[in-house]
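So this one's upload-v4.cif, mmCIF, C-alpha atoms:
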data_target
#
loop_
_atom_site.label_atom_id
_atom_site.label_comp_id
_atom_site.auth_asym_id
_atom_site.auth_seq_id
_atom_site.Cartn_x
_atom_site.Cartn_y
_atom_site.Cartn_z
CA MET A 237 25.11 -16.86 -20.28
CA GLU A 238 24.57 -17.57 -24.01
CA VAL A 239 20.78 -17.58 -23.46
CA ASN A 240 20.90 -14.25 -21.62
CA GLU A 241 23.14 -12.69 -24.29
CA THR A 242 20.74 -13.86 -27.01
CA LEU A 243 17.80 -12.34 -25.13
CA GLN A 244 19.63 -9.05 -24.81
CA GLN A 245 20.45 -9.06 -28.53
CA ARG A 246 16.81 -9.64 -29.44
CA LYS A 247 15.65 -6.77 -27.27
CA ARG A 248 14.60 -3.85 -29.43
CA TRP A 249 14.47 -0.15 -28.54
CA TYR A 250 10.69 -0.29 -28.08
CA GLN A 251 10.87 -3.19 -25.60
CA LEU A 252 10.84 -0.90 -22.58
CA SER A 253 10.52 -2.03 -18.98
CA LEU A 254 7.11 -2.09 -17.32
CA THR A 255 8.15 0.86 -15.13
CA THR A 256 8.91 2.98 -18.20
CA TRP A 257 5.61 2.07 -19.84
CA ILE A 258 3.74 2.99 -16.63
CA LEU A 259 5.45 6.40 -16.60
CA ILE A 260 4.54 6.88 -20.27
CA GLY A 261 0.94 5.94 -19.41
CA LEU A 262 0.89 8.50 -16.58
CA VAL A 263 2.11 11.31 -18.82
CA ALA A 264 -0.15 10.34 -21.73
CA GLY A 265 -3.18 10.09 -19.42
CA GLY A 266 -2.43 13.49 -17.90
CA LEU A 267 -2.14 15.08 -21.35
CA LEU A 268 -5.38 13.46 -22.51
CA GLY A 269 -7.25 14.68 -19.43
CA TRP A 270 -5.88 18.20 -19.93
CA LEU A 271 -6.33 18.53 -23.69
CA LYS A 272 -9.54 16.48 -24.04
CA PRO A 273 -11.30 16.44 -20.64
CA ASP A 274 -14.39 14.70 -22.03
CA TRP A 275 -12.30 11.87 -23.43
CA GLY A 276 -10.32 11.65 -20.19
CA ILE A 277 -13.50 11.10 -18.22
CA LYS A 278 -14.87 8.54 -20.68
CA VAL A 279 -11.77 6.28 -20.64
CA PHE A 280 -12.13 5.74 -16.89
CA PHE A 281 -13.68 2.33 -17.59
CA LEU A 282 -10.20 1.08 -18.59
CA ARG A 283 -8.97 1.81 -15.08
CA ASP A 284 -11.93 -0.12 -13.63
CA ILE A 285 -11.17 -3.12 -15.85
CA PHE A 286 -7.56 -3.14 -14.67
CA LEU A 287 -8.54 -2.88 -11.00
CA ASN A 288 -11.19 -5.60 -11.34
CA LEU A 289 -8.64 -7.98 -12.85
CA ILE A 290 -6.22 -7.23 -10.02
CA LYS A 291 -8.88 -7.75 -7.37
CA SER A 292 -9.75 -11.13 -8.88
CA ILE A 293 -6.17 -12.28 -8.22
CA ILE A 294 -5.78 -11.11 -4.63
CA ALA A 295 -7.89 -13.66 -2.70
CA PRO A 296 -6.53 -16.87 -4.30
CA LEU A 297 -2.98 -15.48 -4.25
CA ILE A 298 -3.02 -14.62 -0.53
CA PHE A 299 -4.81 -17.86 0.38
CA SER A 300 -2.47 -20.16 -1.54
CA THR A 301 0.70 -18.35 -0.48
CA ILE A 302 -0.10 -18.42 3.23
CA VAL A 303 -1.31 -22.03 3.24
CA VAL A 304 1.86 -23.25 1.51
CA GLY A 305 4.03 -21.15 3.81
CA ILE A 306 2.46 -22.56 6.98
CA ALA A 307 1.57 -26.13 6.03
CA GLY A 308 4.72 -26.62 3.98
CA GLY A 309 7.01 -26.42 6.97
CA GLY A 310 5.58 -23.73 9.21
CA ASN A 311 3.98 -24.12 12.64
CA LEU A 312 1.90 -22.18 15.13
CA LYS A 313 4.92 -21.02 17.10
CA LYS A 314 6.65 -19.67 14.00
CA VAL A 315 3.50 -17.94 12.73
CA GLY A 316 3.00 -16.32 16.13
CA ARG A 317 6.61 -15.18 16.23
CA ILE A 318 6.42 -13.66 12.75
CA GLY A 319 3.13 -11.94 13.63
CA LEU A 320 4.54 -10.46 16.84
CA LYS A 321 7.66 -9.15 15.10
CA ALA A 322 5.55 -7.68 12.31
CA LEU A 323 3.26 -5.87 14.77
CA ILE A 324 6.24 -4.45 16.68
CA TYR A 325 7.72 -3.07 13.49
CA PHE A 326 4.32 -1.79 12.32
CA GLU A 327 3.86 0.20 15.53
CA LEU A 328 7.36 1.69 15.43
CA ALA A 329 7.01 2.71 11.77
CA THR A 330 3.55 4.28 12.12
CA THR A 331 4.64 6.16 15.27
CA ALA A 332 7.62 7.58 13.36
CA ALA A 333 5.26 8.59 10.54
CA LEU A 334 2.96 10.39 12.98
CA PHE A 335 5.73 12.48 14.50
CA ILE A 336 7.32 13.34 11.15
CA GLY A 337 3.93 14.58 9.97
CA LEU A 338 3.47 16.53 13.21
CA GLY A 339 6.89 18.18 12.85
CA ILE A 340 6.47 19.16 9.18
CA VAL A 341 2.94 20.57 9.55
CA ASN A 342 4.02 22.74 12.51
CA LEU A 343 7.00 23.95 10.51
CA THR A 344 5.12 24.90 7.32
CA LYS A 345 1.75 25.84 8.96
CA PRO A 346 -0.39 25.25 5.83
CA GLY A 347 -3.64 25.84 7.74
CA ALA A 348 -2.71 29.28 9.05
CA GLY A 349 -4.92 31.94 7.48
CA VAL A 350 -7.38 29.47 5.95
CA SER A 351 -11.05 30.29 6.50
CA LEU A 352 -13.38 27.35 6.91
CA PRO A 353 -16.41 27.27 4.59
CA THR A 354 -19.26 24.93 5.29
CA SER A 355 -19.77 22.00 2.93
CA PRO A 356 -22.64 19.88 4.23
CA THR A 357 -22.72 17.62 1.17
CA ALA A 358 -19.07 16.66 1.48
CA LEU A 359 -19.41 16.04 5.20
CA GLN A 360 -22.47 13.85 4.66
CA GLN A 361 -20.54 11.76 2.13
CA ILE A 362 -17.76 11.20 4.65
CA ALA A 363 -20.01 10.65 7.65
CA GLN A 364 -21.94 7.87 5.93
CA ASN A 365 -19.19 5.53 7.10
CA GLN A 366 -18.09 5.09 10.68
CA PRO A 367 -14.57 4.23 11.91
CA LYS A 368 -14.25 0.95 13.73
CA THR A 369 -13.37 0.83 17.41
CA PHE A 370 -10.50 -1.38 18.57
CA ILE A 371 -12.90 -4.14 19.67
CA GLU A 372 -14.83 -3.93 16.40
CA THR A 373 -11.57 -4.21 14.46
CA ILE A 374 -10.61 -7.37 16.39
CA VAL A 375 -14.05 -8.92 15.74
CA HIS A 376 -13.85 -7.88 12.09
CA ILE A 377 -10.63 -9.86 11.59
CA PHE A 378 -12.46 -13.19 11.84
CA PRO A 379 -14.90 -13.78 8.95
CA ALA A 380 -18.32 -15.38 9.28
CA SER A 381 -17.98 -16.48 5.64
CA VAL A 382 -14.65 -16.61 3.84
CA ILE A 383 -16.51 -16.68 0.51
CA ASP A 384 -18.10 -13.33 1.39
CA SER A 385 -14.67 -12.01 2.47
CA MET A 386 -13.19 -13.01 -0.88
CA VAL A 387 -16.10 -11.46 -2.77
CA ARG A 388 -15.63 -8.17 -0.91
CA GLY A 389 -11.84 -8.39 -1.14
CA ASP A 390 -11.41 -8.02 2.64
CA VAL A 391 -7.67 -8.70 2.86
CA LEU A 392 -7.47 -8.96 6.66
CA GLN A 393 -10.24 -11.56 6.88
CA ILE A 394 -8.68 -13.58 4.05
CA VAL A 395 -5.34 -13.57 5.91
CA ALA A 396 -6.98 -14.71 9.17
CA PHE A 397 -8.84 -17.59 7.51
CA SER A 398 -5.78 -18.63 5.49
CA VAL A 399 -3.59 -18.81 8.61
CA LEU A 400 -6.14 -21.00 10.43
CA PHE A 401 -6.65 -23.17 7.35
CA GLY A 402 -2.88 -23.58 6.89
CA LEU A 403 -2.48 -24.65 10.53
CA ALA A 404 -5.29 -27.20 10.11
CA VAL A 405 -3.67 -28.62 6.96
CA SER A 406 -0.33 -28.85 8.77
CA ALA A 407 -1.93 -30.62 11.74
CA ILE A 408 -3.32 -33.56 9.70
CA GLY A 409 0.11 -34.48 8.30
CA GLU A 410 0.24 -36.74 5.23
CA LYS A 411 -3.45 -36.33 4.45
CA GLY A 412 -2.91 -32.62 3.92
CA LYS A 413 -0.16 -32.99 1.29
CA PRO A 414 -2.56 -32.96 -1.70
CA VAL A 415 -3.94 -29.65 -0.43
CA ILE A 416 -0.42 -28.24 -0.10
CA LYS A 417 0.44 -29.38 -3.62
CA PHE A 418 -2.75 -27.80 -4.98
CA CYS A 419 -2.12 -24.49 -3.20
CA ASP A 420 1.49 -24.43 -4.40
CA SER A 421 0.32 -24.88 -8.00
CA LEU A 422 -2.40 -22.28 -7.47
CA SER A 423 0.11 -19.70 -6.21
CA GLN A 424 2.34 -20.28 -9.25
CA VAL A 425 -0.65 -19.83 -11.56
CA MET A 426 -1.65 -16.61 -9.76
CA PHE A 427 1.85 -15.16 -10.11
CA LYS A 428 1.80 -16.02 -13.82
CA LEU A 429 -1.63 -14.44 -14.17
CA THR A 430 -0.31 -11.34 -12.36
CA GLY A 431 2.30 -11.01 -15.09
CA TYR A 432 -0.40 -11.04 -17.77
CA VAL A 433 -2.57 -8.50 -15.95
CA MET A 434 0.41 -6.19 -15.40
CA LEU A 435 0.68 -5.81 -19.16
CA LEU A 436 -2.47 -3.66 -18.84
CA ALA A 437 -0.98 -1.51 -16.06
CA PRO A 438 0.16 1.37 -18.33
CA ILE A 439 -3.35 1.60 -19.81
CA GLY A 440 -5.03 1.36 -16.39
CA VAL A 441 -2.88 4.01 -14.71
CA GLY A 442 -3.12 6.27 -17.78
CA ALA A 443 -6.91 6.08 -17.70
CA ALA A 444 -6.92 6.86 -13.97
CA MET A 445 -4.75 9.95 -14.47
CA ALA A 446 -6.82 11.09 -17.48
CA HIS A 447 -10.01 10.88 -15.41
CA THR A 448 -8.51 12.81 -12.47
CA ILE A 449 -7.23 15.67 -14.64
CA GLY A 450 -10.26 15.61 -16.96
CA GLU A 451 -12.78 15.84 -14.11
CA LYS A 452 -10.99 18.24 -11.75
CA GLY A 453 -8.75 20.11 -14.20
CA LEU A 454 -5.17 21.16 -13.60
CA ASN A 455 -6.38 23.09 -10.56
CA VAL A 456 -6.31 19.80 -8.69
CA LEU A 457 -2.54 20.09 -8.87
CA LEU A 458 -2.58 23.64 -7.43
CA ASN A 459 -5.44 23.78 -4.92
CA LEU A 460 -4.25 23.86 -1.30
CA GLY A 461 -0.75 23.65 -2.70
CA LEU A 462 1.08 24.30 0.57
CA LEU A 463 -0.63 21.40 2.36
CA VAL A 464 -0.10 19.05 -0.57
CA GLY A 465 3.52 20.18 -0.96
CA SER A 466 4.11 19.76 2.78
CA LEU A 467 2.61 16.26 2.62
CA TYR A 468 4.83 15.22 -0.26
CA ALA A 469 7.88 16.68 1.52
CA ALA A 470 6.99 14.84 4.75
CA LEU A 471 6.52 11.55 2.90
CA ALA A 472 9.90 12.05 1.22
CA VAL A 473 11.47 12.65 4.64
CA PHE A 474 9.82 9.48 5.94
CA ILE A 475 11.13 7.41 3.02
CA LEU A 476 14.67 8.79 3.25
CA LEU A 477 14.99 9.05 7.02
CA VAL A 478 12.93 6.15 8.37
CA LEU A 479 12.92 3.58 5.56
CA GLY A 480 16.48 4.54 4.61
CA THR A 481 17.69 4.04 8.18
CA VAL A 482 15.84 0.73 8.45
CA ALA A 483 17.38 -0.46 5.17
CA PHE A 484 20.85 0.46 6.48
CA LEU A 485 20.30 -1.31 9.81
CA ILE A 486 19.11 -4.57 8.23
CA ARG A 487 21.76 -4.38 5.48
CA LEU A 488 19.17 -4.33 2.70
CA PRO A 489 20.59 -3.63 -0.78
CA ALA A 490 19.01 -0.22 -1.44
CA THR A 491 19.30 -0.25 -5.24
CA GLN A 492 17.66 -3.67 -5.58
CA PHE A 493 14.93 -2.74 -3.10
CA LEU A 494 14.10 0.40 -5.10
CA LYS A 495 13.90 -1.70 -8.26
CA ALA A 496 11.54 -4.13 -6.53
CA VAL A 497 9.27 -1.38 -5.18
CA ARG A 498 9.13 1.05 -8.10
CA GLU A 499 6.47 -0.73 -10.17
CA PRO A 500 3.97 -1.36 -7.34
CA PHE A 501 4.75 2.18 -6.08
CA LEU A 502 3.81 3.76 -9.42
CA ILE A 503 0.71 1.58 -9.82
CA ALA A 504 -0.51 2.56 -6.34
CA PHE A 505 0.26 6.24 -7.03
CA ALA A 506 -1.76 6.37 -10.24
CA THR A 507 -4.73 4.24 -9.16
CA THR A 508 -4.87 5.37 -5.48
CA SER A 509 -5.50 1.70 -4.71
CA SER A 510 -3.26 -0.44 -2.53
CA GLU A 511 -5.01 -3.54 -3.83
CA SER A 512 -3.90 -2.83 -7.38
CA ALA A 513 -0.25 -2.99 -6.33
CA LEU A 514 -0.47 -5.97 -3.96
CA PRO A 515 0.11 -8.88 -6.39
CA LYS A 516 3.12 -7.19 -8.02
CA ALA A 517 4.53 -6.21 -4.63
CA MET A 518 4.21 -9.81 -3.39
CA GLU A 519 5.91 -11.16 -6.50
CA ASN A 520 8.78 -8.66 -6.38
CA MET A 521 9.51 -9.06 -2.67
CA GLU A 522 9.71 -12.83 -3.12
CA ARG A 523 12.08 -12.30 -6.05
CA LEU A 524 14.12 -9.99 -3.80
CA GLY A 525 14.79 -12.81 -1.35
CA VAL A 526 11.94 -12.67 1.19
CA PRO A 527 10.45 -16.15 1.85
CA ARG A 528 6.99 -16.66 0.39
CA ARG A 529 5.29 -17.34 3.72
CA ILE A 530 6.61 -14.06 5.19
CA VAL A 531 5.55 -12.09 2.12
CA GLY A 532 2.13 -13.75 2.13
CA PHE A 533 1.52 -12.98 5.81
CA VAL A 534 3.24 -9.63 6.48
CA LEU A 535 2.35 -7.70 3.32
CA PRO A 536 -1.45 -8.22 3.40
CA THR A 537 -1.54 -7.74 7.20
CA GLY A 538 0.27 -4.44 6.81
CA TYR A 539 -2.67 -3.15 4.77
CA SER A 540 -4.54 -2.75 8.05
CA PHE A 541 -1.77 -2.22 10.61
CA ASN A 542 1.09 -0.48 8.77
CA LEU A 543 -0.38 2.36 6.73
CA ASP A 544 2.61 4.69 7.08
CA GLY A 545 1.54 7.14 4.38
CA SER A 546 -2.07 7.35 5.59
CA THR A 547 -0.97 7.78 9.20
CA LEU A 548 1.42 10.60 8.31
CA TYR A 549 -1.30 12.30 6.26
CA LEU A 550 -3.76 12.10 9.17
CA ALA A 551 -1.25 13.75 11.49
CA MET A 552 -0.78 16.65 9.05
CA ALA A 553 -4.45 16.96 8.11
CA SER A 554 -5.67 17.04 11.72
CA VAL A 555 -3.21 19.81 12.66
CA PHE A 556 -4.12 21.63 9.43
CA VAL A 557 -7.75 21.69 10.64
CA ALA A 558 -6.58 22.94 14.06
CA GLN A 559 -4.56 25.74 12.45
CA ALA A 560 -7.50 26.75 10.25
CA ALA A 561 -9.82 26.67 13.27
CA GLU A 562 -7.50 29.06 15.11
CA THR A 563 -7.71 31.49 12.18
CA THR A 564 -11.52 31.26 12.15
CA SER A 565 -12.32 31.16 15.87
CA GLY A 566 -9.12 32.30 17.60
CA ILE A 567 -8.94 29.13 19.71
CA HIS A 568 -5.34 27.95 20.00
CA PHE A 569 -4.64 24.22 19.77
CA GLY A 570 -1.40 23.73 21.68
CA PHE A 571 1.40 21.23 21.17
CA GLY A 572 0.29 19.20 24.18
CA GLN A 573 -3.17 18.81 22.67
CA GLN A 574 -1.58 17.86 19.35
CA LEU A 575 0.39 15.09 21.10
CA LEU A 576 -2.80 13.79 22.68
CA MET A 577 -4.43 13.80 19.25
CA MET A 578 -1.43 11.83 17.86
CA LEU A 579 -1.90 9.19 20.59
CA THR A 580 -5.57 8.96 19.60
CA LEU A 581 -4.61 8.52 15.94
CA MET A 582 -2.16 5.73 16.88
CA ILE A 583 -5.19 3.75 18.04
CA THR A 584 -7.89 4.84 15.61
CA THR A 585 -5.77 4.28 12.49
CA LYS A 586 -5.87 0.56 13.27
CA GLY A 587 -9.59 0.74 12.45
CA ILE A 588 -9.00 1.92 8.89
CA ALA A 589 -9.46 -1.55 7.39
CA ALA A 590 -12.43 -1.98 5.07
CA VAL A 591 -13.73 1.59 5.61
CA PRO A 592 -14.49 3.52 2.38
CA ARG A 593 -12.60 6.86 2.23
CA ALA A 594 -10.86 5.56 5.33
CA SER A 595 -8.50 8.48 5.98
CA LEU A 596 -11.28 11.09 5.76
CA VAL A 597 -13.53 9.00 8.01
CA ILE A 598 -10.86 8.69 10.70
CA LEU A 599 -9.96 12.36 10.34
CA LEU A 600 -13.58 13.47 10.75
CA ALA A 601 -14.01 11.31 13.85
CA THR A 602 -10.75 12.55 15.40
CA VAL A 603 -11.24 16.30 14.90
CA SER A 604 -14.83 16.06 16.11
CA SER A 605 -13.74 14.29 19.31
CA PHE A 606 -11.30 17.15 20.04
CA GLY A 607 -13.90 19.85 19.46
CA LEU A 608 -12.46 21.06 16.16
CA PRO A 609 -14.87 22.19 13.40
CA PRO A 610 -15.72 19.38 10.95
CA GLU A 611 -15.80 21.96 8.14
CA GLY A 612 -12.01 21.72 8.19
CA VAL A 613 -12.32 18.20 6.82
CA ALA A 614 -14.63 19.35 4.04
CA ILE A 615 -12.01 21.76 2.71
CA LEU A 616 -9.65 18.81 2.23
CA PHE A 617 -12.22 16.92 0.20
CA GLY A 618 -11.21 18.58 -3.06
CA VAL A 619 -7.55 17.54 -2.87
CA ASP A 620 -8.04 14.17 -1.24
CA GLU A 621 -7.40 12.39 -4.54
CA LEU A 622 -4.00 14.04 -4.93
CA CYS A 623 -3.07 13.32 -1.31
CA ASP A 624 -4.33 9.76 -1.69
CA MET A 625 -1.89 9.14 -4.55
CA ALA A 626 1.09 9.93 -2.33
CA ARG A 627 -0.04 8.24 0.86
CA THR A 628 -1.15 5.03 -0.90
CA SER A 629 2.18 4.62 -2.70
CA VAL A 630 4.10 5.19 0.56
CA ASN A 631 1.86 2.61 2.27
CA ILE A 632 3.06 0.10 -0.34
CA ALA A 633 6.74 1.02 0.11
CA GLY A 634 6.43 0.78 3.90
CA ASN A 635 4.83 -2.65 3.76
CA CYS A 636 7.43 -3.96 1.32
CA MET A 637 10.12 -2.79 3.76
CA ALA A 638 8.24 -4.54 6.59
CA THR A 639 8.53 -7.92 4.81
CA ALA A 640 12.30 -7.45 4.44
CA VAL A 641 12.63 -6.43 8.12
CA VAL A 642 10.75 -9.50 9.37
CA ALA A 643 12.68 -11.80 7.00
CA ARG A 644 16.02 -10.43 8.25
CA TRP A 645 14.81 -10.60 11.84
CA GLU A 646 13.94 -14.27 11.30
CA GLY A 647 17.34 -14.88 9.67
CA GLU A 648 15.68 -15.97 6.42
CA PHE A 649 16.45 -13.10 4.03
CA ASP A 650 18.22 -14.42 0.92
CA ASP A 651 21.06 -11.96 0.18
CA ARG A 652 22.09 -13.89 -2.91
CA ARG A 653 18.71 -13.43 -4.56
CA ALA A 654 18.64 -9.77 -3.51
CA ARG A 655 21.98 -9.08 -5.19
CA LEU A 656 20.78 -10.67 -8.43
CA PHE A 657 17.36 -9.00 -8.51
CA GLY A 658 16.69 -7.35 -11.85
CA THR A 659 19.80 -8.79 -13.52
CA PRO A 660 19.97 -11.41 -16.30
CA ASP A 661 21.36 -13.87 -13.72
CA GLU A 662 18.29 -13.62 -11.49
CA ILE A 663 17.03 -16.98 -12.74
CA ARG A 664 20.04 -18.88 -11.35
CA PRO A 665 19.03 -19.25 -7.67
CA ASP A 666 15.64 -20.60 -8.73
CA GLN A 667 17.25 -23.13 -11.08
CA GLU A 668 19.60 -24.25 -8.33
CA ASP A 669 16.69 -24.63 -5.94
CA GLY A 670 14.76 -26.67 -8.50
CA GLU A 671 12.14 -23.93 -9.04
CA PRO A 672 12.59 -22.57 -12.58
CA VAL A 673 10.81 -19.30 -13.19
CA PRO A 674 10.60 -16.98 -16.20
CA ILE A 675 13.40 -14.50 -16.73
CA HIS A 676 12.35 -11.04 -15.55
CA ARG A 677 13.64 -8.15 -17.59
CA GLU A 678 13.99 -4.78 -15.92
#
Mind turning this structure into structure tokens?
Amino acid sequence: MEVNETLQQRKRWYQLSLTTWILIGLVAGGLLGWLKPDWGIKVFFLRDIFLNLIKSIIAPLIFSTIVVGIAGGGNLKKVGRIGLKALIYFELATTAALFIGLGIVNLTKPGAGVSLPTSPTALQQIAQNQPKTFIETIVHIFPASVIDSMVRGDVLQIVAFSVLFGLAVSAIGEKGKPVIKFCDSLSQVMFKLTGYVMLLAPIGVGAAMAHTIGEKGLNVLLNLGLLVGSLYAALAVFILLVLGTVAFLIRLPATQFLKAVREPFLIAFATTSSESALPKAMENMERLGVPRRIVGFVLPTGYSFNLDGSTLYLAMASVFVAQAAETTSGIHFGFGQQLLMMLTLMITTKGIAAVPRASLVILLATVSSFGLPPEGVAILFGVDELCDMARTSVNIAGNCMATAVVARWEGEFDDRRARLFGTPDEIRPDQEDGEPVPIHRE
């Protein structure tokens, strides 16, 4: 306790938590983009530097974490069991997200009275990419070259290769121990490197916000306000109702979970990039008491199969287009047809992985297949950035919850570590387990 008291005494007023600095960066970036739009656009390179550093961490971090988790005591049966439980939870969570989005959009009716202009350029930009079918998604999981997968940052392919590699290392017994030791050291180095890169997070997120406001102006915060407001309200309902209920059922300490999620949540919100928040989310969920192998498998896999925020947005956006089409053409899109469209989205959203502007691509394909005018998608193009902030951050929160659910389901969630998360005593469980780690200050 003397060490912790000394650390607290040394802490000065300007030694704020990373979360506080990120919030300061968001506000400062917004002000810069508003007051000096030209400067806001020019500082965008700082955001790119931050994202590039994050992306350089992801592949070795996922690879080393999964290999150690499987080869260091895991087996094929356990991996299969964890994967099955994760997929069951993913499907339940995304289904709940779909129906919450469907309920809110029918209640607020943001598309009613909206006329649909044509925007061929925007549609061409979206249509350049094609959504993957279910079979194509399955084939895509298995890489022809893991080096190419790591270069492109294809999380799902890296996970698939890492699982197979970990099983192979486990199968050769003693000969595989040097590989396990190397991967364990590599994962520790990657987590340490993550800490260094996160020091740039306030600058990166500030630059991202400055660019958004500087390029689009404050109107980006007002355009299509009812749809954006409805989306944010629906995502709040999902977090409180669905994730809150899940946290209660699995007896997850809510305060500690919020502490663990807030930094990756804010990073994802500002950068509109799930990848940027992945290393910090993995580190924090392990600190919260989720075993490393579960974090390393469930969290990256959820990037393709548990996009709660994106799924909810697609439900609202597709009905928005239907409501706007009714105003323009008079064709009514009934609740039964909406349910059929939701069932279609339950399948097509699994093909989001590795598709640029994924949500808009899936949305365009879905509305076209139901005979709705594609111009309805074009009208959403202008506010996609603002919607992307919300849905990406909720994707992160949903996947963090998924790791806790699977860990509790497996009976491996560490309640002691969860209770101590973010406190000066957090180091104690690691010392007792023989794994000293740096003290984390919140």
Could you list the residues chosen by the PyMOL selection byres ((chain A and resi 655) around 10) in this structure as a ChimeraX atom specification?
/A:488-489,491-493,524-525,650-654,656-659,661-662
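The smallest atom-to-atom distance between Pro500 in chain A and any of A:Gly634, A:Gly442, A:Gly461, A:Gly337, using all atoms listed in the file, is found for A:Gly634.
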Please enumerate the residues selected by the PyMOL selection byres ((chain A and resi 640) around 9) when evaluated against the supplied file, formatted as JSON, numbers by chain.
{"A": [483, 486, 488, 521, 524, 525, 526, 530, 531, 635, 636, 637, 638, 639, 641, 642, 643, 644, 645, 649]}
Select, counting all atoms listed in the file, all protein, DNA and RNA residues no farther than 12 Å from (8.7, 14.0, 0.1) in file coordinates, and express the selection as a list in words.
Ile336, Gly337, Ile340, Val464, Gly465, Ser466, Leu467, Tyr468, Ala469, Ala470, Leu471, Ala472, Val473, Phe474, Ile475, Leu476, Leu477, Gly545, Leu548, Tyr549, Cys623, Ala626, Arg627, Ser629 and Val630 of chain A
Using the chain letters and numbering of this document, enumerate as an MDAnalysis selection string the residues selected by the PyMOL selection byres ((chain A and resi 463) around 12).
chainID A and resid 337 340:348 350 457:462 464:470 549:557 559:560 615:616 619:620 622:623
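Going from CA of Phe280 in chain A to CA of Leu262 in chain A covers 13.3 Å.
Each of A:Ala264, A:Val534, A:Leu338, A:Leu422 was checked against Ala558 in chain A using all atoms listed in the file; the smallest atom-to-atom distance is that of A:Leu338.
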What's the 8 Å shell around Ala437 in chain A, counting all atoms listed in the file, without same-chain residues fewer than 6 positions away, as an MDAnalysis selection string?
chainID A and resid 258 286 503
File dump, residues just selected, C-alpha atoms, as a PDB file, in the frame of the given file:
ATOM      1  CA  ILE A 258       3.740   2.990 -16.630  1.00  0.00           C
ATOM      2  CA  PHE A 286      -7.560  -3.140 -14.670  1.00  0.00           C
ATOM      3  CA  ILE A 503       0.710   1.580  -9.820  1.00  0.00           C
TER       4      ILE A 503
END
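In this comparison, which uses only C-alpha atoms, the residue of A:Val303, A:Leu581, A:Val433, A:Ala633 approaching Ile290 in chain A most closely is A:Val433.
The space separating CA of Val415 in chain A from CA of Phe401 in chain A comes to 10.5 Å.
Residues having any atom no farther than 10 Å from (12.0, 6.3, 13.0) (counting all atoms listed in the file) are Leu328, Ala329, Thr330, Thr331, Ala332, Ala333, Leu334, Phe335, Ile336, Phe474, Leu477, Val478, Leu479, Gly480, Thr481 and Val482 of chain A.
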